[in-house]
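Below is run00.csv, holding CSV, C-alpha atoms.
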chain,number,residue,atom,x,y,z
I,1,MET,CA,38.0,-104.6,128.0
I,2,ASN,CA,40.1,-104.6,131.1
I,3,TYR,CA,38.6,-106.9,133.7
I,4,ASN,CA,38.9,-104.2,136.4
I,5,ASP,CA,36.8,-101.9,134.3
I,6,PHE,CA,34.3,-104.7,133.8
I,7,LEU,CA,34.1,-105.5,137.6
I,8,ARG,CA,33.7,-101.8,138.2
I,9,ALA,CA,30.8,-101.6,135.8
I,10,VAL,CA,29.2,-104.6,137.4
I,11,SER,CA,29.5,-103.1,140.9
I,12,GLN,CA,27.9,-99.9,139.5
I,13,LYS,CA,25.2,-101.9,137.8
I,14,GLU,CA,26.2,-100.5,134.4
I,15,VAL,CA,26.6,-103.8,132.4
I,16,THR,CA,24.2,-104.3,129.6
I,17,GLY,CA,24.0,-106.5,126.5
I,18,ALA,CA,26.4,-109.4,125.8
I,19,TYR,CA,30.0,-110.0,126.9
I,20,ILE,CA,32.6,-112.7,126.5
I,21,LEU,CA,34.6,-113.5,129.7
I,22,HIS,CA,37.8,-115.4,129.1
I,23,GLY,CA,41.4,-115.6,130.3
I,24,GLN,CA,43.8,-117.6,132.4
I,25,GLU,CA,42.8,-116.3,135.8
I,26,GLU,CA,39.8,-118.4,136.7
I,27,PHE,CA,39.5,-117.2,140.3
I,28,THR,CA,38.8,-113.6,139.3
I,29,LYS,CA,36.5,-114.8,136.5
I,30,ASN,CA,34.5,-116.9,139.0
I,31,ARG,CA,34.2,-113.9,141.3
I,32,ALA,CA,32.9,-111.8,138.3
I,33,ILE,CA,30.1,-114.4,137.8
I,34,GLU,CA,29.3,-114.3,141.5
I,35,LYS,CA,28.9,-110.5,141.3
I,36,LEU,CA,26.8,-110.7,138.2
I,37,THR,CA,24.6,-113.3,139.9
I,38,GLN,CA,24.2,-110.9,142.9
I,39,LEU,CA,22.6,-108.3,140.5
I,40,LEU,CA,19.5,-110.6,140.5
I,41,ASN,CA,16.8,-110.5,143.1
I,42,PRO,CA,17.8,-113.4,145.5
I,43,ASN,CA,14.2,-114.5,145.8
I,44,MET,CA,13.8,-114.7,142.0
I,45,ARG,CA,17.3,-115.9,141.1
I,46,ALA,CA,16.4,-119.5,140.4
I,47,VAL,CA,14.0,-118.5,137.6
I,48,ASN,CA,16.0,-115.5,136.2
I,49,LEU,CA,19.3,-117.2,135.9
I,50,GLN,CA,19.8,-119.6,133.0
I,51,SER,CA,23.0,-121.5,132.2
I,52,TYR,CA,23.9,-123.6,129.1
I,53,GLU,CA,27.0,-125.6,128.3
I,54,LYS,CA,26.1,-125.2,124.6
I,55,THR,CA,23.0,-124.1,122.9
I,56,GLY,CA,21.7,-123.3,119.4
I,57,ALA,CA,20.9,-119.8,118.2
I,58,GLU,CA,17.1,-120.3,118.2
I,59,GLU,CA,17.0,-121.6,121.8
I,60,LEU,CA,19.3,-118.9,123.0
I,61,ILE,CA,17.4,-116.1,121.3
I,62,ASN,CA,14.1,-117.4,122.8
I,63,ALA,CA,15.7,-117.4,126.2
I,64,CYS,CA,17.0,-113.9,125.8
I,65,GLU,CA,13.6,-112.6,124.7
I,66,THR,CA,11.9,-114.0,127.8
I,67,MET,CA,11.2,-111.2,130.2
I,68,PRO,CA,12.6,-111.5,133.8
I,69,PHE,CA,10.1,-112.7,136.4
I,70,PHE,CA,9.5,-110.1,139.1
I,71,ASP,CA,13.0,-108.5,138.6
I,72,ARG,CA,14.6,-106.0,136.4
I,73,LEU,CA,17.2,-108.3,135.0
I,74,ARG,CA,17.6,-111.8,133.5
I,75,LEU,CA,21.1,-113.4,133.4
I,76,ILE,CA,22.0,-116.0,130.8
I,77,ILE,CA,25.4,-117.7,130.8
I,78,VAL,CA,26.7,-119.8,127.9
I,79,GLN,CA,29.9,-121.8,128.2
I,80,THR,CA,30.8,-121.8,124.5
I,81,VAL,CA,31.3,-119.2,121.7
I,82,PRO,CA,29.0,-119.7,118.7
I,83,ASP,CA,30.4,-120.0,115.2
I,84,GLY,CA,29.2,-120.2,111.6
I,85,ASP,CA,25.6,-119.4,110.8
I,86,GLU,CA,24.7,-119.7,114.5
I,87,ALA,CA,27.1,-116.9,115.3
I,88,ARG,CA,25.7,-114.7,112.6
I,89,ARG,CA,22.1,-115.2,113.8
I,90,ILE,CA,23.1,-114.3,117.4
I,91,LEU,CA,25.1,-111.3,116.3
I,92,ASP,CA,22.1,-110.0,114.2
I,93,PHE,CA,19.9,-110.5,117.3
I,94,LEU,CA,22.1,-108.6,119.8
I,95,ASP,CA,21.0,-105.2,118.4
I,96,THR,CA,17.4,-105.9,119.3
I,97,MET,CA,18.0,-108.0,122.5
I,98,PRO,CA,15.8,-106.6,125.4
I,99,GLU,CA,17.7,-104.4,127.8
I,100,SER,CA,16.5,-106.6,130.6
I,101,THR,CA,18.7,-109.5,129.4
I,102,LEU,CA,22.4,-109.8,130.3
I,103,LEU,CA,24.1,-112.4,128.1
I,104,ILE,CA,27.5,-113.8,129.2
I,105,PHE,CA,29.7,-116.2,127.2
I,106,LEU,CA,31.9,-117.8,129.8
I,107,ILE,CA,35.1,-119.4,128.5
I,108,ARG,CA,37.5,-121.4,130.6
I,109,GLY,CA,41.1,-120.4,129.8
I,110,LYS,CA,42.1,-117.8,127.3
I,111,TYR,CA,40.1,-117.9,124.1
I,112,GLU,CA,42.2,-118.8,121.1
I,113,GLN,CA,40.9,-117.8,117.8
I,114,SER,CA,41.1,-120.3,114.9
I,115,PRO,CA,42.8,-119.0,111.7
I,116,SER,CA,40.3,-117.9,109.0
I,117,ARG,CA,39.7,-120.4,106.2
I,118,ALA,CA,40.6,-119.2,102.7
I,119,LYS,CA,37.7,-118.7,100.3
I,120,LYS,CA,37.4,-121.5,97.8
I,121,THR,CA,35.6,-119.8,94.9
I,122,ARG,CA,34.6,-116.3,93.9
I,123,GLY,CA,31.0,-117.4,93.5
I,124,SER,CA,30.8,-118.6,97.1
I,125,ALA,CA,32.6,-115.6,98.6
I,126,GLU,CA,29.6,-113.9,100.1
I,127,LYS,CA,28.3,-117.2,101.6
I,128,THR,CA,31.8,-118.0,103.0
I,129,GLU,CA,32.1,-114.5,104.5
I,130,ARG,CA,28.8,-114.9,106.4
I,131,SER,CA,29.5,-118.5,107.5
I,132,LYS,CA,33.0,-117.9,108.8
I,133,VAL,CA,32.0,-114.9,110.9
I,134,ASN,CA,34.2,-114.5,113.9
I,135,PHE,CA,31.9,-114.0,116.9
I,136,PHE,CA,34.8,-113.2,119.3
I,137,SER,CA,36.2,-110.5,116.9
I,138,GLU,CA,32.8,-108.9,116.4
I,139,LEU,CA,32.2,-108.5,120.1
I,140,GLU,CA,35.8,-107.4,120.5
I,141,LYS,CA,35.1,-104.5,118.2
I,142,THR,CA,32.6,-103.1,120.6
I,143,ASP,CA,34.9,-103.7,123.7
I,144,ARG,CA,32.8,-106.6,125.0
I,145,CYS,CA,35.5,-109.2,125.3
I,146,VAL,CA,36.9,-109.2,128.9
I,147,GLU,CA,40.2,-111.0,129.4
I,148,PHE,CA,41.0,-112.1,133.0
I,149,THR,CA,44.8,-112.1,133.0
I,150,VAL,CA,47.0,-113.6,135.7
I,151,LEU,CA,47.8,-110.9,138.3
I,152,THR,CA,51.2,-109.4,138.4
I,153,ARG,CA,53.3,-109.5,141.6
I,154,THR,CA,52.3,-105.9,142.4
I,155,GLU,CA,48.6,-106.6,141.7
I,156,LEU,CA,48.7,-109.7,143.9
I,157,VAL,CA,50.2,-107.7,146.8
I,158,LYS,CA,47.4,-105.1,146.5
I,159,TRP,CA,44.8,-107.9,146.3
I,160,VAL,CA,46.1,-109.6,149.4
I,161,CYS,CA,46.2,-106.3,151.4
I,162,ARG,CA,42.6,-105.5,150.3
I,163,GLU,CA,41.3,-109.0,151.2
I,164,VAL,CA,42.9,-108.8,154.7
I,165,LYS,CA,41.5,-105.3,155.2
I,166,ASN,CA,38.0,-106.5,154.2
I,167,SER,CA,38.3,-109.3,156.8
I,168,GLY,CA,38.9,-106.9,159.6
I,169,CYS,CA,42.6,-107.5,160.0
I,170,THR,CA,45.8,-105.7,158.9
I,171,ILE,CA,48.9,-106.7,156.9
I,172,LEU,CA,51.9,-104.7,155.8
I,173,PRO,CA,52.7,-104.6,152.0
I,174,GLU,CA,56.1,-106.2,152.6
I,175,VAL,CA,54.5,-109.0,154.6
I,176,ALA,CA,51.9,-109.5,151.7
I,177,ASP,CA,54.9,-109.7,149.3
I,178,ALA,CA,56.6,-112.3,151.4
I,179,PHE,CA,53.3,-114.3,151.6
I,180,ILE,CA,53.1,-114.2,147.7
I,181,GLN,CA,56.7,-115.4,147.5
I,182,ARG,CA,55.8,-118.4,149.7
I,183,VAL,CA,52.6,-119.5,147.9
I,184,GLY,CA,53.0,-118.3,144.3
I,185,ASN,CA,50.5,-116.5,142.0
I,186,ASP,CA,47.7,-119.1,141.5
I,187,LEU,CA,44.9,-116.9,142.9
I,188,THR,CA,42.8,-119.8,144.0
I,189,TYR,CA,45.7,-121.2,146.1
I,190,VAL,CA,46.6,-117.7,147.3
I,191,SER,CA,43.0,-117.2,148.5
I,192,ASN,CA,42.8,-120.5,150.3
I,193,GLU,CA,46.1,-120.0,152.1
I,194,LEU,CA,45.2,-116.4,153.0
I,195,LYS,CA,42.0,-117.5,154.7
I,196,LYS,CA,44.1,-119.8,156.9
I,197,ALA,CA,46.3,-116.9,157.9
I,198,ILE,CA,43.3,-114.7,158.6
I,199,ASP,CA,41.6,-117.4,160.7
I,200,TYR,CA,44.8,-117.9,162.6
I,201,VAL,CA,45.0,-114.3,163.8
I,202,GLY,CA,41.2,-114.0,164.2
I,203,TYR,CA,38.8,-112.9,161.5
I,204,GLY,CA,37.5,-109.3,162.3
I,205,SER,CA,39.9,-109.0,165.3
I,206,GLY,CA,41.9,-106.1,164.0
I,207,ASN,CA,45.1,-108.2,164.5
I,208,ALA,CA,48.0,-108.2,162.0
I,209,VAL,CA,48.7,-111.0,159.7
I,210,SER,CA,52.4,-111.2,160.5
I,211,ILE,CA,55.4,-113.2,159.1
I,212,ASP,CA,55.1,-115.4,162.1
I,213,ALA,CA,51.4,-116.1,161.5
I,214,ILE,CA,52.1,-116.9,157.9
I,215,GLY,CA,55.0,-119.3,158.9
I,216,ALA,CA,52.7,-121.0,161.4
I,217,CYS,CA,49.8,-121.9,159.1
I,218,VAL,CA,50.5,-121.3,155.4
I,219,SER,CA,51.7,-124.2,153.3
I,220,VAL,CA,54.3,-123.7,150.6
I,221,LYS,CA,52.9,-125.0,147.3
I,222,THR,CA,54.8,-128.2,146.3
I,223,GLU,CA,55.5,-126.8,142.8
I,224,TYR,CA,57.4,-123.9,144.3
I,225,ARG,CA,59.2,-126.1,146.8
I,226,VAL,CA,60.5,-128.1,143.9
I,227,PHE,CA,61.5,-124.9,142.1
I,228,ASP,CA,63.6,-123.8,145.1
I,229,MET,CA,65.1,-127.3,145.4
I,230,MET,CA,66.1,-127.3,141.7
I,231,ASP,CA,67.5,-123.8,142.0
I,232,ALA,CA,69.8,-125.0,144.8
I,233,PHE,CA,71.2,-127.8,142.7
I,234,ILE,CA,71.5,-125.7,139.6
I,235,LEU,CA,73.4,-122.9,141.5
I,236,GLY,CA,75.9,-125.4,142.8
I,237,LYS,CA,74.4,-125.9,146.3
I,238,PRO,CA,73.7,-129.7,146.4
I,239,GLY,CA,73.6,-129.7,150.2
I,240,GLU,CA,70.7,-127.2,150.3
I,241,GLY,CA,69.0,-129.1,147.5
I,242,LEU,CA,69.2,-132.4,149.2
I,243,THR,CA,67.9,-130.9,152.5
I,244,ALA,CA,64.9,-129.4,150.6
I,245,LEU,CA,64.2,-132.8,148.9
I,246,ASN,CA,64.4,-134.7,152.1
I,247,THR,CA,62.1,-132.2,153.9
I,248,MET,CA,59.5,-132.5,151.2
I,249,ILE,CA,59.6,-136.3,151.4
I,250,LYS,CA,59.4,-136.2,155.2
I,251,ASP,CA,56.4,-133.9,154.9
I,252,GLY,CA,54.6,-136.6,152.9
I,253,THR,CA,55.2,-135.4,149.3
I,254,GLU,CA,55.4,-138.4,147.0
I,255,ILE,CA,58.6,-139.0,145.2
I,256,GLY,CA,56.7,-139.5,142.0
I,257,ALA,CA,55.1,-136.1,142.3
I,258,VAL,CA,58.5,-134.5,142.8
I,259,SER,CA,59.9,-136.3,139.8
I,260,GLY,CA,56.8,-135.2,137.8
I,261,TYR,CA,57.3,-131.5,138.7
I,262,ILE,CA,61.0,-131.7,137.7
I,263,SER,CA,60.1,-133.4,134.4
I,264,GLY,CA,57.5,-130.7,133.6
I,265,ARG,CA,59.9,-127.9,134.5
I,266,LEU,CA,62.7,-129.4,132.4
I,267,LYS,CA,60.4,-129.5,129.4
I,268,LEU,CA,59.6,-125.8,130.0
I,269,MET,CA,63.3,-125.1,130.4
I,270,LEU,CA,64.0,-126.8,127.1
I,271,SER,CA,61.4,-124.6,125.3
I,272,ALA,CA,62.9,-121.6,127.0
I,273,ARG,CA,66.5,-122.6,126.0
I,274,LEU,CA,65.4,-122.8,122.3
I,275,LEU,CA,64.0,-119.3,122.5
I,276,ILE,CA,67.2,-118.0,124.2
I,277,ASP,CA,69.2,-119.5,121.4
I,278,ASP,CA,66.9,-117.6,118.9
I,279,GLY,CA,67.6,-114.4,120.8
I,280,VAL,CA,64.1,-113.9,122.2
I,281,PRO,CA,64.2,-111.5,125.2
I,282,ARG,CA,63.0,-112.7,128.6
I,283,THR,CA,59.7,-110.8,128.7
I,284,ALA,CA,58.7,-111.9,125.1
I,285,ALA,CA,59.8,-115.5,125.8
I,286,VAL,CA,57.7,-115.7,129.0
I,287,ARG,CA,54.7,-114.3,127.2
I,288,GLN,CA,55.2,-116.7,124.3
I,289,LEU,CA,55.7,-119.8,126.6
I,290,GLY,CA,52.4,-118.9,128.4
I,291,GLY,CA,51.1,-120.5,131.6
I,292,ASN,CA,52.1,-119.4,135.1
I,293,GLU,CA,54.2,-116.3,134.7
I,294,TYR,CA,56.2,-117.0,137.9
I,295,ALA,CA,57.0,-120.6,136.9
I,296,THR,CA,57.8,-119.7,133.3
I,297,GLY,CA,60.2,-116.8,134.4
I,298,LYS,CA,62.1,-119.1,136.7
I,299,ALA,CA,62.3,-121.8,134.0
I,300,PHE,CA,63.7,-119.2,131.6
I,301,ASP,CA,66.4,-118.1,134.1
I,302,ALA,CA,67.3,-121.7,134.9
I,303,ALA,CA,67.6,-122.6,131.2
I,304,LYS,CA,70.6,-120.3,130.9
I,305,HIS,CA,72.7,-122.8,132.8
I,306,PHE,CA,72.2,-125.6,130.3
I,307,SER,CA,72.7,-126.4,126.7
I,308,ASP,CA,69.7,-127.7,124.7
I,309,ASP,CA,71.4,-131.1,124.4
I,310,ALA,CA,71.8,-131.4,128.2
I,311,LEU,CA,68.1,-130.4,128.7
I,312,ARG,CA,66.9,-132.9,126.1
I,313,ALA,CA,68.8,-135.7,127.9
I,314,ALA,CA,67.4,-134.7,131.2
I,315,VAL,CA,63.9,-134.5,129.9
I,316,ILE,CA,64.2,-138.0,128.5
I,317,GLU,CA,65.6,-139.5,131.7
I,318,PHE,CA,63.1,-137.8,134.1
I,319,SER,CA,60.1,-138.6,131.8
I,320,THR,CA,61.0,-142.3,131.7
I,321,GLN,CA,62.3,-142.6,135.3
I,322,ARG,CA,59.3,-144.5,136.7
I,323,TYR,CA,59.4,-147.0,133.8
I,324,ASN,CA,63.1,-147.7,134.5
I,325,LEU,CA,62.3,-148.5,138.1
I,326,VAL,CA,60.4,-151.7,137.4
I,327,ASN,CA,63.6,-153.8,137.6
I,328,GLY,CA,63.8,-152.9,141.4
I,329,ILE,CA,67.5,-152.3,141.4
I,330,MET,CA,67.2,-149.1,143.4
I,331,SER,CA,64.5,-147.3,145.4
I,332,GLU,CA,62.5,-144.4,143.9
I,333,GLN,CA,64.4,-141.9,146.1
I,334,ASP,CA,67.8,-143.3,145.1
I,335,ALA,CA,66.8,-143.1,141.4
I,336,LEU,CA,65.6,-139.6,141.8
I,337,GLU,CA,68.7,-138.4,143.6
I,338,LEU,CA,70.9,-140.1,141.0
I,339,ALA,CA,69.1,-138.4,138.1
I,340,ILE,CA,69.3,-135.0,139.9
I,341,PHE,CA,73.0,-135.3,140.4
I,342,LYS,CA,73.5,-136.5,136.9
I,343,HIS,CA,71.6,-133.7,135.1
I,344,LEU,CA,70.9,-130.8,137.4
I,345,VAL,CA,73.9,-130.1,139.7
I,346,ARG,CA,76.1,-127.4,138.3
I,347,GLU,CA,79.5,-126.2,139.7
I,348,LYS,CA,79.0,-123.4,142.1
I,349,LYS,CA,80.0,-120.0,140.7
I,350,ARG,CA,82.8,-118.3,142.6
Translate the structure of the given file into C-alpha cells.
Amino acid sequence: MNYNDFLRAVSQKEVTGAYILHGQEEFTKNRAIEKLTQLLNPNMRAVNLQSYEKTGAEELINACETMPFFDRLRLIIVQTVPDGDEARRILDFLDTMPESTLLIFLIRGKYEQSPSRAKKTRGSAEKTERSKVNFFSELEKTDRCVEFTVLTRTELVKWVCREVKNSGCTILPEVADAFIQRVGNDLTYVSNELKKAIDYVGYGSGNAVSIDAIGACVSVKTEYRVFDMMDAFILGKPGEGLTALNTMIKDGTEIGAVSGYISGRLKLMLSARLLIDDGVPRTAAVRQLGGNEYATGKAFDAAKHFSDDALRAAVIEFSTQRYNLVNGIMSEQDALELAIFKHLVREKKR
C-alpha cells in the first residue's frame, strides 16, 4: 500500500485490522504512528495503547482480544515481524480479530525478506510449508504492507510548501526547492531546519519564508557541504574546494568528520563505478545502491571521473588516514589536504 493512501485512510478513520509499516523514511512513519495514536480517546490513551518490542503469539492474541476501555478502538504496536509457527498462529487469528483492535507491526528501515529455505524431505513438506510461512508476504497479498519511501525532490517541495502554509506563513515553490537543495532530503533534518526558518519570519504571521530568511538561519548539512567541496575538486576547481574546506573547519566542523564523510562517499563511488563498468543505468544503479537517493546519485555522477583502481587507492588512504597520523609528522588538516590533492583533484575540463 502506498503510504499516502494509508495516511488518507487514517485521517478518514478507515483503518482496520493489521498492517506492517516499514521503509526508509522514518519521519513520515513516525507521523503515521502519531496520527494513529490520535484516533484514541486522549483520556483513555494510556490504557488503550499497548506497545511491544517483541512478543509471542499467545500474549499478542490475548492483548488483541481485550476490548478497549471506554473507547471504540484499541491500538497495539509490535516492533518485530513474527515468523515460523508464531506467524501462522497470528495469521490464523487475524480473520477473527475484534474490529475494535488495530494491530500495527512497526519496522525500522525497509523490511528485507529472508530467502525461503528449501524443503529437506517429502515427508516433512507440509510441516515445513507451515513453519516457514512468510508473514510479510501474507499481509502484502491483502495490501496491508505500507512502505514509507524517501520523498522525491518534487514531493519534498510540495511537503515544504504544505508545512509552511499550515504554519500560517507563505513560501514560493522555487524558494522551497532552493531550501531542499541547501539541506538535502533527510526529512527529519528538513523539518528541523524548516521550523527555524518559520520561527525566523514569525509563526502565524503570514510572512513569506524567503531566500534571505533561509540564508540567515538555515544550516547546510555537513554531509552536503562535503559533497559540494568534493565536487569542486573533482571538477578541477581546487581553489573553490579549499575555500569550502577551510570554511567548514572555521565553522567548527572537525577534520576527522570531514575525512569520514569523504571516506564514506568514496566507498559509495567505488560501488557505483563497478556498476557503471557493468553497464547498469543510473536510475537502476541508484536504486540498487540504496540509501539516500540524493547522496547516491551524486556519488554515481562523481564516479564517472575515476577508474575503479583509483577509487580503491583513495578508499584505502582515507580509511586509514587517522591511523597514519600517529607519527605526528603533519597536522590533521595538512594530511587531509594532501590526500585530497593526491586522489580527488582532476584536471579542469575546457
* Pick out the residues sitting within 12 Å of region 272-286 of chain I, and hand them over as a PyMOL selection string; count all atoms listed in the file, and ignore anything fewer than 6 positions along from it in its own chain. => chain I and resi 265-266+292-312
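A straight line drawn from CA of Tyr19 (chain I) to CA of Arg144 (chain I) is 4.8 Å long.
The space between CA of Thr253 (chain I) and CA of Ala216 (chain I) spans 19.0 Å.
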* **Nearby residues, (26.5, -116.9, 140.3) file frame, 12 Å, only C-alpha atoms, as a ChimeraX atom specification** => /I:29-42,45-46,48-51,75-77,104,106
* With a distance cut-off of 6 Å and all atoms listed in the file, select the neighbouring residues of Glu25 (chain I), excluding the residue or stretch itself and same-chain residues fewer than 4 positions from it, and output the selection as a PyMOL selection string. => chain I and resi 148-150
* To do: Mind giving me the straight-line distance from CA of Val164 (chain I) to CA of Glu147 (chain I) in Å, one decimal?
  => 25.5 Å
* Rank I:Val78, I:Ile340, I:Ile180, I:Val209 by their smallest atom-to-atom distance to Ser263 (chain I), using only C-alpha atoms, and report the top residue only. =>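 Result for the nearest residue to Ser263 (chain I): I:Ile340.
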Around the point (59.9, -134.4, 135.9) in the file's coordinates, collect all residues with an atom within 10 Å, using all atoms listed in the file, and return them as an mmCIF file with C-alpha atoms, in the coordinates of the input.
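Dumped to point.cif:
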data_model
loop_
_atom_site.group_PDB
_atom_site.id
_atom_site.type_symbol
_atom_site.label_atom_id
_atom_site.label_comp_id
_atom_site.auth_asym_id
_atom_site.auth_seq_id
_atom_site.Cartn_x
_atom_site.Cartn_y
_atom_site.Cartn_z
ATOM 1 C CA GLY I 256 56.700 -139.500 142.000
ATOM 2 C CA ALA I 257 55.100 -136.100 142.300
ATOM 3 C CA VAL I 258 58.500 -134.500 142.800
ATOM 4 C CA SER I 259 59.900 -136.300 139.800
ATOM 5 C CA GLY I 260 56.800 -135.200 137.800
ATOM 6 C CA TYR I 261 57.300 -131.500 138.700
ATOM 7 C CA ILE I 262 61.000 -131.700 137.700
ATOM 8 C CA SER I 263 60.100 -133.400 134.400
ATOM 9 C CA GLY I 264 57.500 -130.700 133.600
ATOM 10 C CA ARG I 265 59.900 -127.900 134.500
ATOM 11 C CA LEU I 266 62.700 -129.400 132.400
ATOM 12 C CA LYS I 267 60.400 -129.500 129.400
ATOM 13 C CA ALA I 314 67.400 -134.700 131.200
ATOM 14 C CA VAL I 315 63.900 -134.500 129.900
ATOM 15 C CA ILE I 316 64.200 -138.000 128.500
ATOM 16 C CA GLU I 317 65.600 -139.500 131.700
ATOM 17 C CA PHE I 318 63.100 -137.800 134.100
ATOM 18 C CA SER I 319 60.100 -138.600 131.800
ATOM 19 C CA THR I 320 61.000 -142.300 131.700
ATOM 20 C CA GLN I 321 62.300 -142.600 135.300
ATOM 21 C CA LEU I 336 65.600 -139.600 141.800
#
* Would you list the contacts of Ser191 (chain I) as a list in words, taking every protein, DNA or RNA residue within 10 Å and counting only C-alpha atoms, but skipping same-chain residues closer than 4 positions in sequence? => Phe27, Trp159, Val160, Glu163, Val183, Asn185, Asp186, Leu187, Lys195, Lys196 and Ala197 of chain I
Write out the residues from the selection above, keeping C-alpha atoms, as a CSV table (one decimal), keeping the file's coordinate frame.
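So the final result, stored in selection38.csv, reads:
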chain,number,residue,atom,x,y,z
I,27,PHE,CA,39.5,-117.2,140.3
I,159,TRP,CA,44.8,-107.9,146.3
I,160,VAL,CA,46.1,-109.6,149.4
I,163,GLU,CA,41.3,-109.0,151.2
I,183,VAL,CA,52.6,-119.5,147.9
I,185,ASN,CA,50.5,-116.5,142.0
I,186,ASP,CA,47.7,-119.1,141.5
I,187,LEU,CA,44.9,-116.9,142.9
I,195,LYS,CA,42.0,-117.5,154.7
I,196,LYS,CA,44.1,-119.8,156.9
I,197,ALA,CA,46.3,-116.9,157.9
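Comparing I:Cys169, I:Met67, I:Leu103, I:Val146 by their smallest distance to Asn4 (chain I), the closest is I:Val146 (using only C-alpha atoms).
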* Which of these, I:Asn166, I:Ser137, I:Asn2, I:Gln333, has the shortest distance to Leu91 (chain I) once you count all atoms listed in the file? ->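 The answer is I:Ser137, which sits nearest to Leu91 (chain I).
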* To do: List the neighbours of Gly184 (chain I) out to 12 Å using all atoms listed in the file; skip same-chain residues closer than 6 positions along the sequence, and give me the result as a list of chain:residue names.
  => I:Val150, I:Leu151, I:Thr152, I:Arg153, I:Leu156, I:Val157, I:Ala176, I:Asp177, I:Ala178, I:Val190, I:Ser191, I:Glu193, I:Leu194, I:Val218, I:Ser219, I:Val220, I:Lys221, I:Thr222, I:Glu223, I:Tyr224, I:Arg225, I:Phe227, I:Asp228, I:Asn292, I:Glu293, I:Tyr294, I:Ala295, I:Lys298
Just C-alpha atoms for this one: save the residues we selected as a PDB file, keeping the file's coordinate frame.
ATOM      1  CA  VAL I 150      47.000-113.600 135.700  1.00  0.00           C
ATOM      2  CA  LEU I 151      47.800-110.900 138.300  1.00  0.00           C
ATOM      3  CA  THR I 152      51.200-109.400 138.400  1.00  0.00           C
ATOM      4  CA  ARG I 153      53.300-109.500 141.600  1.00  0.00           C
ATOM      5  CA  LEU I 156      48.700-109.700 143.900  1.00  0.00           C
ATOM      6  CA  VAL I 157      50.200-107.700 146.800  1.00  0.00           C
ATOM      7  CA  ALA I 176      51.900-109.500 151.700  1.00  0.00           C
ATOM      8  CA  ASP I 177      54.900-109.700 149.300  1.00  0.00           C
ATOM      9  CA  ALA I 178      56.600-112.300 151.400  1.00  0.00           C
ATOM     10  CA  VAL I 190      46.600-117.700 147.300  1.00  0.00           C
ATOM     11  CA  SER I 191      43.000-117.200 148.500  1.00  0.00           C
ATOM     12  CA  GLU I 193      46.100-120.000 152.100  1.00  0.00           C
ATOM     13  CA  LEU I 194      45.200-116.400 153.000  1.00  0.00           C
ATOM     14  CA  VAL I 218      50.500-121.300 155.400  1.00  0.00           C
ATOM     15  CA  SER I 219      51.700-124.200 153.300  1.00  0.00           C
ATOM     16  CA  VAL I 220      54.300-123.700 150.600  1.00  0.00           C
ATOM     17  CA  LYS I 221      52.900-125.000 147.300  1.00  0.00           C
ATOM     18  CA  THR I 222      54.800-128.200 146.300  1.00  0.00           C
ATOM     19  CA  GLU I 223      55.500-126.800 142.800  1.00  0.00           C
ATOM     20  CA  TYR I 224      57.400-123.900 144.300  1.00  0.00           C
ATOM     21  CA  ARG I 225      59.200-126.100 146.800  1.00  0.00           C
ATOM     22  CA  PHE I 227      61.500-124.900 142.100  1.00  0.00           C
ATOM     23  CA  ASP I 228      63.600-123.800 145.100  1.00  0.00           C
ATOM     24  CA  ASN I 292      52.100-119.400 135.100  1.00  0.00           C
ATOM     25  CA  GLU I 293      54.200-116.300 134.700  1.00  0.00           C
ATOM     26  CA  TYR I 294      56.200-117.000 137.900  1.00  0.00           C
ATOM     27  CA  ALA I 295      57.000-120.600 136.900  1.00  0.00           C
ATOM     28  CA  LYS I 298      62.100-119.100 136.700  1.00  0.00           C
TER      29      LYS I 298
END
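Closest approach to Gly236 (chain I) among I:Leu73, I:Ile211, I:Ala87, I:Leu344: I:Leu344, based on only C-alpha atoms.
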* Which residue, I:Lys342, I:Arg89, I:Arg182, I:Asp143, has the smallest gap to Ile234 (chain I) when you use all atoms listed in the file? -> I:Lys342
* What lies within 10 Å of Gly17 (chain I) using all atoms listed in the file, ignoring chain neighbours under 2 positions off, as a list in words? ->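 Near neighbours after the sequence-gap exclusion: Val15, Tyr19, Leu94, Asp95, Thr96, Met97, Pro98, Glu99, Ser100, Thr101, Leu102, Leu103, Ile104 and Arg144 of chain I.
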* Nearest to Thr16 (chain I) by atom-to-atom distance, counting all atoms listed in the file, from I:Glu140, I:Thr66, I:Met229, I:Arg74 ->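 Nearest to Thr16 (chain I): I:Arg74.
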